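Asker: Provided below: protein_22.cif, containing mmCIF, N, CA and C atoms.
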```cif
data_protein
loop_
_atom_site.label_atom_id
_atom_site.label_comp_id
_atom_site.auth_asym_id
_atom_site.auth_seq_id
_atom_site.Cartn_x
_atom_site.Cartn_y
_atom_site.Cartn_z
N MET A 10 5.22 2.27 -53.59
CA MET A 10 6.57 1.99 -53.18
C MET A 10 6.64 1.93 -51.66
N PRO A 11 6.97 0.78 -51.05
CA PRO A 11 7.01 0.65 -49.60
C PRO A 11 8.26 1.30 -49.02
N GLU A 12 8.06 1.93 -47.86
CA GLU A 12 9.19 2.54 -47.17
C GLU A 12 9.94 1.48 -46.38
N GLU A 13 11.25 1.63 -46.32
CA GLU A 13 12.06 0.65 -45.58
C GLU A 13 12.68 1.32 -44.37
N ASN A 14 12.34 0.81 -43.19
CA ASN A 14 12.94 1.25 -41.94
C ASN A 14 13.59 0.03 -41.30
N PRO A 15 14.91 -0.07 -41.34
CA PRO A 15 15.54 -1.28 -40.82
C PRO A 15 15.41 -1.44 -39.31
N GLY A 16 15.25 -0.37 -38.55
CA GLY A 16 15.19 -0.47 -37.09
C GLY A 16 13.80 -0.66 -36.54
N ARG A 17 12.78 -0.55 -37.37
CA ARG A 17 11.40 -0.60 -36.87
C ARG A 17 10.67 -1.81 -37.42
N ALA A 18 9.72 -2.28 -36.64
CA ALA A 18 8.89 -3.40 -37.05
C ALA A 18 7.81 -2.89 -38.00
N PRO A 19 7.27 -3.75 -38.85
CA PRO A 19 6.20 -3.30 -39.75
C PRO A 19 4.97 -2.89 -38.97
N GLU A 20 4.23 -1.93 -39.47
CA GLU A 20 3.08 -1.37 -38.79
C GLU A 20 1.81 -2.13 -39.12
N SER A 21 1.84 -3.42 -38.98
CA SER A 21 0.65 -4.22 -39.24
C SER A 21 0.06 -4.70 -37.93
N GLY A 22 -1.04 -5.46 -37.97
CA GLY A 22 -1.71 -5.94 -36.76
C GLY A 22 -0.91 -6.97 -36.00
N ALA A 23 -0.04 -7.72 -36.66
CA ALA A 23 0.74 -8.77 -35.99
C ALA A 23 2.00 -8.16 -35.39
N SER A 24 2.34 -8.60 -34.21
CA SER A 24 3.55 -8.11 -33.58
C SER A 24 4.64 -9.16 -33.71
N SER A 25 5.85 -8.70 -33.83
CA SER A 25 6.97 -9.62 -33.99
C SER A 25 7.36 -10.20 -32.63
N PRO A 26 7.93 -11.42 -32.58
CA PRO A 26 8.29 -12.02 -31.30
C PRO A 26 9.42 -11.30 -30.59
N SER A 27 10.24 -10.55 -31.32
CA SER A 27 11.34 -9.85 -30.67
C SER A 27 10.87 -8.61 -29.93
N GLN A 28 9.68 -8.12 -30.27
CA GLN A 28 9.16 -6.92 -29.62
C GLN A 28 8.54 -7.33 -28.29
N SER A 29 9.02 -6.74 -27.19
CA SER A 29 8.52 -7.12 -25.87
C SER A 29 7.28 -6.30 -25.53
N GLU A 30 6.30 -6.98 -25.00
CA GLU A 30 5.07 -6.31 -24.57
C GLU A 30 5.05 -6.25 -23.06
N SER A 31 4.50 -5.17 -22.53
CA SER A 31 4.53 -4.99 -21.08
C SER A 31 3.45 -5.78 -20.36
N GLY A 32 2.36 -6.09 -21.00
CA GLY A 32 1.31 -6.83 -20.31
C GLY A 32 0.20 -7.22 -21.25
N PRO A 33 -0.74 -8.03 -20.77
CA PRO A 33 -1.81 -8.49 -21.63
C PRO A 33 -2.86 -7.42 -21.93
N GLY A 34 -3.03 -6.49 -21.05
CA GLY A 34 -4.08 -5.49 -21.22
C GLY A 34 -3.66 -4.34 -22.09
N PRO A 35 -4.63 -3.65 -22.68
CA PRO A 35 -4.31 -2.50 -23.53
C PRO A 35 -4.19 -1.21 -22.75
N GLY A 36 -3.98 -1.27 -21.43
CA GLY A 36 -3.94 -0.08 -20.58
C GLY A 36 -2.68 0.74 -20.79
N PRO A 37 -2.66 1.94 -20.22
CA PRO A 37 -1.53 2.82 -20.41
C PRO A 37 -0.28 2.36 -19.67
N ARG A 38 -0.43 1.59 -18.58
CA ARG A 38 0.71 1.10 -17.82
C ARG A 38 0.57 -0.38 -17.58
N PRO A 39 1.66 -1.06 -17.25
CA PRO A 39 1.57 -2.50 -16.98
C PRO A 39 0.65 -2.76 -15.80
N GLY A 40 -0.14 -3.80 -15.90
CA GLY A 40 -1.04 -4.14 -14.82
C GLY A 40 -2.37 -3.40 -14.88
N GLY A 41 -2.55 -2.51 -15.85
CA GLY A 41 -3.80 -1.78 -15.97
C GLY A 41 -4.00 -0.73 -14.90
N ARG A 42 -2.93 -0.28 -14.29
CA ARG A 42 -3.04 0.70 -13.22
C ARG A 42 -3.04 2.11 -13.80
N PRO A 43 -3.65 3.05 -13.10
CA PRO A 43 -3.62 4.43 -13.59
C PRO A 43 -2.22 5.01 -13.45
N SER A 44 -1.91 5.98 -14.29
CA SER A 44 -0.56 6.51 -14.34
C SER A 44 -0.27 7.49 -13.22
N GLY A 45 -1.25 8.09 -12.65
CA GLY A 45 -0.99 9.12 -11.65
C GLY A 45 -1.44 8.72 -10.27
N GLY A 46 -0.98 9.46 -9.29
CA GLY A 46 -1.38 9.25 -7.92
C GLY A 46 -2.65 10.02 -7.63
N PRO A 47 -2.93 10.26 -6.34
CA PRO A 47 -4.12 11.03 -6.01
C PRO A 47 -4.00 12.46 -6.51
N GLY A 48 -5.08 12.99 -7.04
CA GLY A 48 -5.07 14.35 -7.53
C GLY A 48 -4.58 14.45 -8.97
N GLY A 49 -4.33 13.32 -9.63
CA GLY A 49 -3.89 13.35 -11.00
C GLY A 49 -2.41 13.60 -11.17
N ARG A 50 -1.67 13.67 -10.07
CA ARG A 50 -0.23 13.90 -10.16
C ARG A 50 0.48 12.59 -10.43
N PRO A 51 1.58 12.61 -11.15
CA PRO A 51 2.32 11.37 -11.37
C PRO A 51 2.98 10.92 -10.08
N SER A 52 2.94 9.62 -9.83
CA SER A 52 3.51 9.10 -8.60
C SER A 52 4.98 8.81 -8.79
N GLY A 53 5.72 8.85 -7.72
CA GLY A 53 7.12 8.45 -7.77
C GLY A 53 8.09 9.60 -7.88
N GLY A 54 7.71 10.81 -7.58
CA GLY A 54 8.65 11.91 -7.55
C GLY A 54 8.73 12.66 -8.86
N PRO A 55 9.86 13.33 -9.08
CA PRO A 55 9.96 14.20 -10.24
C PRO A 55 9.96 13.46 -11.57
N GLY A 56 10.42 12.21 -11.60
CA GLY A 56 10.44 11.46 -12.84
C GLY A 56 9.07 11.02 -13.29
N GLY A 57 8.16 10.82 -12.35
CA GLY A 57 6.82 10.41 -12.69
C GLY A 57 6.68 8.93 -12.98
N ARG A 58 7.74 8.16 -12.76
CA ARG A 58 7.70 6.73 -13.03
C ARG A 58 7.80 5.96 -11.71
N GLY A 59 6.73 5.96 -10.92
CA GLY A 59 6.74 5.28 -9.64
C GLY A 59 6.57 3.78 -9.78
N LYS A 60 7.19 3.03 -8.90
CA LYS A 60 7.07 1.58 -8.93
C LYS A 60 5.76 1.11 -8.34
N PHE A 61 5.28 1.79 -7.33
CA PHE A 61 4.15 1.29 -6.57
C PHE A 61 2.93 2.18 -6.75
N PHE A 62 1.77 1.54 -6.74
CA PHE A 62 0.52 2.28 -6.77
C PHE A 62 -0.06 2.24 -5.37
N ARG A 63 -0.19 3.39 -4.74
CA ARG A 63 -0.65 3.44 -3.36
C ARG A 63 -2.17 3.47 -3.32
N ARG A 64 -2.75 2.43 -2.75
CA ARG A 64 -4.20 2.32 -2.65
C ARG A 64 -4.69 3.08 -1.43
N LYS A 65 -5.89 3.63 -1.50
CA LYS A 65 -6.47 4.34 -0.36
C LYS A 65 -6.71 3.36 0.77
N LYS A 66 -6.20 3.68 1.93
CA LYS A 66 -6.33 2.79 3.08
C LYS A 66 -7.65 3.04 3.78
N VAL A 67 -8.28 1.97 4.19
CA VAL A 67 -9.53 2.08 4.94
C VAL A 67 -9.33 1.51 6.32
N CYS A 68 -10.08 2.03 7.27
CA CYS A 68 -9.95 1.61 8.66
C CYS A 68 -10.44 0.17 8.82
N LYS A 69 -9.60 -0.67 9.37
CA LYS A 69 -9.93 -2.08 9.59
C LYS A 69 -11.10 -2.21 10.56
N PHE A 70 -11.11 -1.37 11.57
CA PHE A 70 -12.14 -1.45 12.60
C PHE A 70 -13.49 -0.93 12.10
N CYS A 71 -13.47 0.05 11.22
CA CYS A 71 -14.72 0.56 10.66
C CYS A 71 -15.33 -0.46 9.70
N THR A 72 -14.51 -1.11 8.88
CA THR A 72 -15.04 -2.07 7.92
C THR A 72 -15.58 -3.31 8.60
N GLU A 73 -14.94 -3.74 9.69
CA GLU A 73 -15.41 -4.91 10.43
C GLU A 73 -16.41 -4.54 11.53
N LYS A 74 -16.72 -3.25 11.64
CA LYS A 74 -17.67 -2.72 12.62
C LYS A 74 -17.30 -3.11 14.05
N ILE A 75 -16.02 -2.90 14.40
CA ILE A 75 -15.54 -3.14 15.76
C ILE A 75 -15.55 -1.81 16.49
N ASP A 76 -16.36 -1.72 17.55
CA ASP A 76 -16.44 -0.47 18.31
C ASP A 76 -15.41 -0.43 19.42
N ALA A 77 -15.41 -1.44 20.27
CA ALA A 77 -14.49 -1.48 21.40
C ALA A 77 -13.27 -2.33 21.01
N ILE A 78 -12.09 -1.77 21.22
CA ILE A 78 -10.87 -2.50 20.94
C ILE A 78 -10.40 -3.12 22.25
N PRO A 79 -10.43 -4.44 22.36
CA PRO A 79 -10.07 -5.08 23.64
C PRO A 79 -8.56 -5.04 23.87
N TYR A 80 -8.17 -4.62 25.07
CA TYR A 80 -6.75 -4.55 25.39
C TYR A 80 -6.18 -5.94 25.66
N ARG A 81 -7.03 -6.93 25.84
CA ARG A 81 -6.55 -8.30 26.10
C ARG A 81 -6.24 -9.07 24.82
N ASP A 82 -6.70 -8.55 23.69
CA ASP A 82 -6.45 -9.21 22.41
C ASP A 82 -5.07 -8.83 21.89
N VAL A 83 -4.08 -9.57 22.36
CA VAL A 83 -2.68 -9.24 22.07
C VAL A 83 -2.37 -9.41 20.59
N ARG A 84 -2.96 -10.42 19.97
CA ARG A 84 -2.70 -10.66 18.55
C ARG A 84 -3.15 -9.49 17.68
N LEU A 85 -4.28 -8.94 18.00
CA LEU A 85 -4.79 -7.78 17.27
C LEU A 85 -3.89 -6.57 17.49
N LEU A 86 -3.49 -6.34 18.73
CA LEU A 86 -2.69 -5.17 19.06
C LEU A 86 -1.28 -5.25 18.50
N GLN A 87 -0.72 -6.45 18.40
CA GLN A 87 0.64 -6.59 17.90
C GLN A 87 0.77 -6.16 16.44
N GLY A 88 -0.31 -6.21 15.71
CA GLY A 88 -0.27 -5.74 14.32
C GLY A 88 -0.10 -4.24 14.20
N PHE A 89 -0.36 -3.52 15.28
CA PHE A 89 -0.26 -2.07 15.27
C PHE A 89 0.91 -1.56 16.11
N VAL A 90 1.78 -2.48 16.52
CA VAL A 90 2.98 -2.12 17.26
C VAL A 90 4.17 -2.55 16.42
N ALA A 91 5.12 -1.66 16.23
CA ALA A 91 6.30 -1.96 15.42
C ALA A 91 7.22 -2.94 16.17
N GLU A 92 8.21 -3.42 15.46
CA GLU A 92 9.14 -4.40 16.02
C GLU A 92 9.87 -3.86 17.25
N ARG A 93 10.16 -2.58 17.23
CA ARG A 93 10.87 -1.96 18.36
C ARG A 93 9.95 -1.64 19.54
N GLY A 94 8.65 -1.75 19.35
CA GLY A 94 7.72 -1.47 20.42
C GLY A 94 6.95 -0.18 20.25
N LYS A 95 7.21 0.55 19.19
CA LYS A 95 6.51 1.81 18.96
C LYS A 95 5.13 1.55 18.34
N ILE A 96 4.19 2.42 18.65
CA ILE A 96 2.86 2.35 18.05
C ILE A 96 2.97 2.89 16.63
N VAL A 97 2.48 2.11 15.68
CA VAL A 97 2.58 2.48 14.26
C VAL A 97 1.60 3.62 13.99
N PRO A 98 2.03 4.69 13.30
CA PRO A 98 1.14 5.83 13.08
C PRO A 98 0.01 5.53 12.11
N ARG A 99 -1.01 6.39 12.16
CA ARG A 99 -2.21 6.27 11.36
C ARG A 99 -1.95 6.24 9.87
N ARG A 100 -1.02 7.06 9.42
CA ARG A 100 -0.77 7.16 7.98
C ARG A 100 -0.21 5.88 7.39
N LEU A 101 0.38 5.03 8.24
CA LEU A 101 0.90 3.75 7.77
C LEU A 101 -0.13 2.64 7.88
N THR A 102 -0.94 2.65 8.94
CA THR A 102 -1.90 1.57 9.14
C THR A 102 -3.22 1.82 8.43
N GLY A 103 -3.60 3.09 8.26
CA GLY A 103 -4.87 3.40 7.62
C GLY A 103 -6.05 3.42 8.56
N VAL A 104 -5.80 3.41 9.86
CA VAL A 104 -6.87 3.42 10.85
C VAL A 104 -7.39 4.86 11.00
N CYS A 105 -8.69 5.02 11.21
CA CYS A 105 -9.26 6.35 11.37
C CYS A 105 -8.86 6.94 12.72
N THR A 106 -9.11 8.22 12.90
CA THR A 106 -8.63 8.91 14.11
C THR A 106 -9.26 8.38 15.39
N THR A 107 -10.56 8.13 15.37
CA THR A 107 -11.21 7.66 16.60
C THR A 107 -10.70 6.28 16.99
N HIS A 108 -10.54 5.40 16.01
CA HIS A 108 -10.03 4.06 16.33
C HIS A 108 -8.55 4.08 16.66
N GLN A 109 -7.79 5.02 16.10
CA GLN A 109 -6.37 5.13 16.46
C GLN A 109 -6.24 5.54 17.93
N ARG A 110 -7.11 6.44 18.40
CA ARG A 110 -7.06 6.83 19.81
C ARG A 110 -7.42 5.66 20.71
N ARG A 111 -8.46 4.92 20.34
CA ARG A 111 -8.86 3.75 21.13
C ARG A 111 -7.79 2.67 21.09
N LEU A 112 -7.17 2.51 19.94
CA LEU A 112 -6.09 1.54 19.78
C LEU A 112 -4.89 1.90 20.65
N THR A 113 -4.54 3.18 20.67
CA THR A 113 -3.43 3.65 21.50
C THR A 113 -3.71 3.40 22.97
N ARG A 114 -4.94 3.69 23.39
CA ARG A 114 -5.32 3.46 24.77
C ARG A 114 -5.25 1.97 25.12
N ALA A 115 -5.70 1.11 24.22
CA ALA A 115 -5.68 -0.34 24.46
C ALA A 115 -4.24 -0.86 24.50
N ILE A 116 -3.37 -0.34 23.64
CA ILE A 116 -1.96 -0.77 23.64
C ILE A 116 -1.30 -0.35 24.95
N LYS A 117 -1.59 0.86 25.41
CA LYS A 117 -0.99 1.33 26.67
C LYS A 117 -1.50 0.54 27.86
N GLN A 118 -2.78 0.17 27.85
CA GLN A 118 -3.31 -0.67 28.93
C GLN A 118 -2.65 -2.04 28.91
N ALA A 119 -2.49 -2.61 27.71
CA ALA A 119 -1.86 -3.92 27.59
C ALA A 119 -0.39 -3.88 28.02
N ARG A 120 0.28 -2.78 27.78
CA ARG A 120 1.66 -2.63 28.25
C ARG A 120 1.72 -2.55 29.76
N ASN A 121 0.77 -1.83 30.36
CA ASN A 121 0.78 -1.64 31.82
C ASN A 121 0.53 -2.93 32.58
N ILE A 122 -0.23 -3.85 32.01
CA ILE A 122 -0.45 -5.12 32.70
C ILE A 122 0.41 -6.24 32.10
N ALA A 123 1.45 -5.85 31.37
CA ALA A 123 2.51 -6.74 30.87
C ALA A 123 2.03 -7.76 29.84
N LEU A 124 1.02 -7.40 29.07
CA LEU A 124 0.62 -8.25 27.94
C LEU A 124 1.46 -7.93 26.70
N LEU A 125 1.83 -6.66 26.57
CA LEU A 125 2.71 -6.22 25.49
C LEU A 125 3.97 -5.61 26.09
N PRO A 126 5.10 -5.78 25.43
CA PRO A 126 6.33 -5.15 25.95
C PRO A 126 6.36 -3.65 25.63
N PHE A 127 7.04 -2.89 26.48
CA PHE A 127 7.24 -1.47 26.21
C PHE A 127 8.25 -1.30 25.09
N ALA A 128 9.27 -2.13 25.10
CA ALA A 128 10.31 -2.09 24.06
C ALA A 128 10.87 -3.50 23.93
N THR A 129 11.57 -3.72 22.81
CA THR A 129 12.17 -5.05 22.62
C THR A 129 13.45 -5.16 23.43
N ARG A 130 13.87 -6.37 23.63
CA ARG A 130 15.14 -6.56 24.33
C ARG A 130 16.27 -6.17 23.41
N HIS A 131 17.19 -5.43 23.95
CA HIS A 131 18.27 -4.90 23.12
C HIS A 131 19.46 -5.80 23.15
#
```
Hey, can you dump this file as structure tokens for me?
Answerer:
Amino acid sequence: MPEENPGRAPESGASSPSQSESGPGPGPRPGGRPSGGPGGRPSGGPGGRGKFFRRKKVCKFCTEKIDAIPYRDVRLLQGFVAERGKIVPRRLTGVCTTHQRRLTRAIKQARNIALLPFATRH
């Protein structure tokens, strides 16, 4: 005798078209991403349902093996200066400590010889 559940789909291998699937993969979350952040904790606060998966940042200068950061390369330095003129911190850019110090020194040199602005026009 088959059981009748009007609100549920049959438990067979075929899925009904009205049932929405989150993604093509059989992973635990959409996109095949892991459910937790670093350390196995759920990302996104107390609810544990974070929108974004934060990838480990690696130093751009270490991966490209750049030792000296040229203060004349304005295009490179502008990527590490915010719109208001502030130097973007390490935790946002992912640059290692030694390269962040060299980067800061290069940005300050470029500001002193007027290649980079100290602040934006208000």
Asker: Given the file shown, determine the residues that the PyMOL selection byres ((chain A and resi 112-123) around 7) selects; report them as a ChimeraX atom specification.
Answerer: /A:78-81,86,107-111,124-127
Asker: How many Å lie between atom CA of A:Arg100 and atom CA of A:Arg63, rounded to one decimal?
Answerer: 11.9 Å
Asker: Expressed in Å to a single decimal, how great is the separation between atom CA of A:Leu85 and atom CA of A:Leu101?
Answerer: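 Pair atom CA of A:Leu85 / atom CA of A:Leu101 returns 16.0 Å.
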Asker: I'd like the interatomic distance between atom C of A:Ile96 and atom N of A:Lys69, to a tenth of an Å.
Answerer: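 Answer for the atom C of A:Ile96 to atom N of A:Lys69 separation: 14.9 Å.
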Asker: Given the file above and the PyMOL selection byres (((chain A and resi 68 and name CA) around 6) and name CA), which residues are selected, and can you give them as a CSV table (one decimal) with N, CA and C atoms, in the coordinates of the input?
Answerer:
```csv
chain,number,residue,atom,x,y,z
A,67,VAL,N,-8.3,2.0,4.2
A,67,VAL,CA,-9.5,2.1,4.9
A,67,VAL,C,-9.3,1.5,6.3
A,69,LYS,N,-9.6,-0.7,9.4
A,69,LYS,CA,-9.9,-2.1,9.6
A,69,LYS,C,-11.1,-2.2,10.6
A,70,PHE,N,-11.1,-1.4,11.6
A,70,PHE,CA,-12.1,-1.4,12.6
A,70,PHE,C,-13.5,-0.9,12.1
A,71,CYS,N,-13.5,0.0,11.2
A,71,CYS,CA,-14.7,0.6,10.7
A,71,CYS,C,-15.3,-0.5,9.7
A,103,GLY,N,-3.6,3.1,8.3
A,103,GLY,CA,-4.9,3.4,7.6
A,103,GLY,C,-6.0,3.4,8.6
A,104,VAL,N,-5.8,3.4,9.9
A,104,VAL,CA,-6.9,3.4,10.8
A,104,VAL,C,-7.4,4.9,11.0
A,105,CYS,N,-8.7,5.0,11.2
A,105,CYS,CA,-9.3,6.4,11.4
A,105,CYS,C,-8.9,6.9,12.7
```
Asker: Name the residues captured by the PyMOL selection byres (((chain A and resi 92 and name CA) around 12) and name CA) when it is applied to the shown file; answer as a PDB file with N, CA and C atoms, keeping the file's coordinate frame.
Answerer:
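part_31.pdb, freshly written:
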```
ATOM      1  N   GLN A  87      -0.720  -6.450  18.400  1.00  0.00           N
ATOM      2  CA  GLN A  87       0.640  -6.590  17.900  1.00  0.00           C
ATOM      3  C   GLN A  87       0.770  -6.160  16.440  1.00  0.00           C
ATOM      4  N   GLY A  88      -0.310  -6.210  15.710  1.00  0.00           N
ATOM      5  CA  GLY A  88      -0.270  -5.740  14.320  1.00  0.00           C
ATOM      6  C   GLY A  88      -0.100  -4.240  14.200  1.00  0.00           C
ATOM      7  N   PHE A  89      -0.360  -3.520  15.280  1.00  0.00           N
ATOM      8  CA  PHE A  89      -0.260  -2.070  15.270  1.00  0.00           C
ATOM      9  C   PHE A  89       0.910  -1.560  16.110  1.00  0.00           C
ATOM     10  N   VAL A  90       1.780  -2.480  16.520  1.00  0.00           N
ATOM     11  CA  VAL A  90       2.980  -2.120  17.260  1.00  0.00           C
ATOM     12  C   VAL A  90       4.170  -2.550  16.420  1.00  0.00           C
ATOM     13  N   ALA A  91       5.120  -1.660  16.230  1.00  0.00           N
ATOM     14  CA  ALA A  91       6.300  -1.960  15.420  1.00  0.00           C
ATOM     15  C   ALA A  91       7.220  -2.940  16.170  1.00  0.00           C
ATOM     16  N   ARG A  93      10.160  -2.580  17.230  1.00  0.00           N
ATOM     17  CA  ARG A  93      10.870  -1.960  18.360  1.00  0.00           C
ATOM     18  C   ARG A  93       9.950  -1.640  19.540  1.00  0.00           C
ATOM     19  N   GLY A  94       8.650  -1.750  19.350  1.00  0.00           N
ATOM     20  CA  GLY A  94       7.720  -1.470  20.420  1.00  0.00           C
ATOM     21  C   GLY A  94       6.950  -0.180  20.250  1.00  0.00           C
ATOM     22  N   LYS A  95       7.210   0.550  19.190  1.00  0.00           N
ATOM     23  CA  LYS A  95       6.510   1.810  18.960  1.00  0.00           C
ATOM     24  C   LYS A  95       5.130   1.550  18.340  1.00  0.00           C
ATOM     25  N   ILE A  96       4.190   2.420  18.650  1.00  0.00           N
ATOM     26  CA  ILE A  96       2.860   2.350  18.050  1.00  0.00           C
ATOM     27  C   ILE A  96       2.970   2.890  16.630  1.00  0.00           C
ATOM     28  N   VAL A  97       2.480   2.110  15.680  1.00  0.00           N
ATOM     29  CA  VAL A  97       2.580   2.480  14.260  1.00  0.00           C
ATOM     30  C   VAL A  97       1.600   3.620  13.990  1.00  0.00           C
ATOM     31  N   LEU A 125       1.830  -6.660  26.570  1.00  0.00           N
ATOM     32  CA  LEU A 125       2.710  -6.220  25.490  1.00  0.00           C
ATOM     33  C   LEU A 125       3.970  -5.610  26.090  1.00  0.00           C
ATOM     34  N   PRO A 126       5.100  -5.780  25.430  1.00  0.00           N
ATOM     35  CA  PRO A 126       6.330  -5.150  25.950  1.00  0.00           C
ATOM     36  C   PRO A 126       6.360  -3.650  25.630  1.00  0.00           C
ATOM     37  N   PHE A 127       7.040  -2.890  26.480  1.00  0.00           N
ATOM     38  CA  PHE A 127       7.240  -1.470  26.210  1.00  0.00           C
ATOM     39  C   PHE A 127       8.250  -1.300  25.090  1.00  0.00           C
ATOM     40  N   ALA A 128       9.270  -2.130  25.100  1.00  0.00           N
ATOM     41  CA  ALA A 128      10.310  -2.090  24.060  1.00  0.00           C
ATOM     42  C   ALA A 128      10.870  -3.500  23.930  1.00  0.00           C
ATOM     43  N   THR A 129      11.570  -3.720  22.810  1.00  0.00           N
ATOM     44  CA  THR A 129      12.170  -5.050  22.620  1.00  0.00           C
ATOM     45  C   THR A 129      13.450  -5.160  23.430  1.00  0.00           C
ATOM     46  N   ARG A 130      13.870  -6.370  23.630  1.00  0.00           N
ATOM     47  CA  ARG A 130      15.140  -6.560  24.330  1.00  0.00           C
ATOM     48  C   ARG A 130      16.270  -6.170  23.410  1.00  0.00           C
ATOM     49  N   HIS A 131      17.190  -5.430  23.950  1.00  0.00           N
ATOM     50  CA  HIS A 131      18.270  -4.900  23.120  1.00  0.00           C
ATOM     51  C   HIS A 131      19.460  -5.800  23.150  1.00  0.00           C
TER      52      HIS A 131
END
```
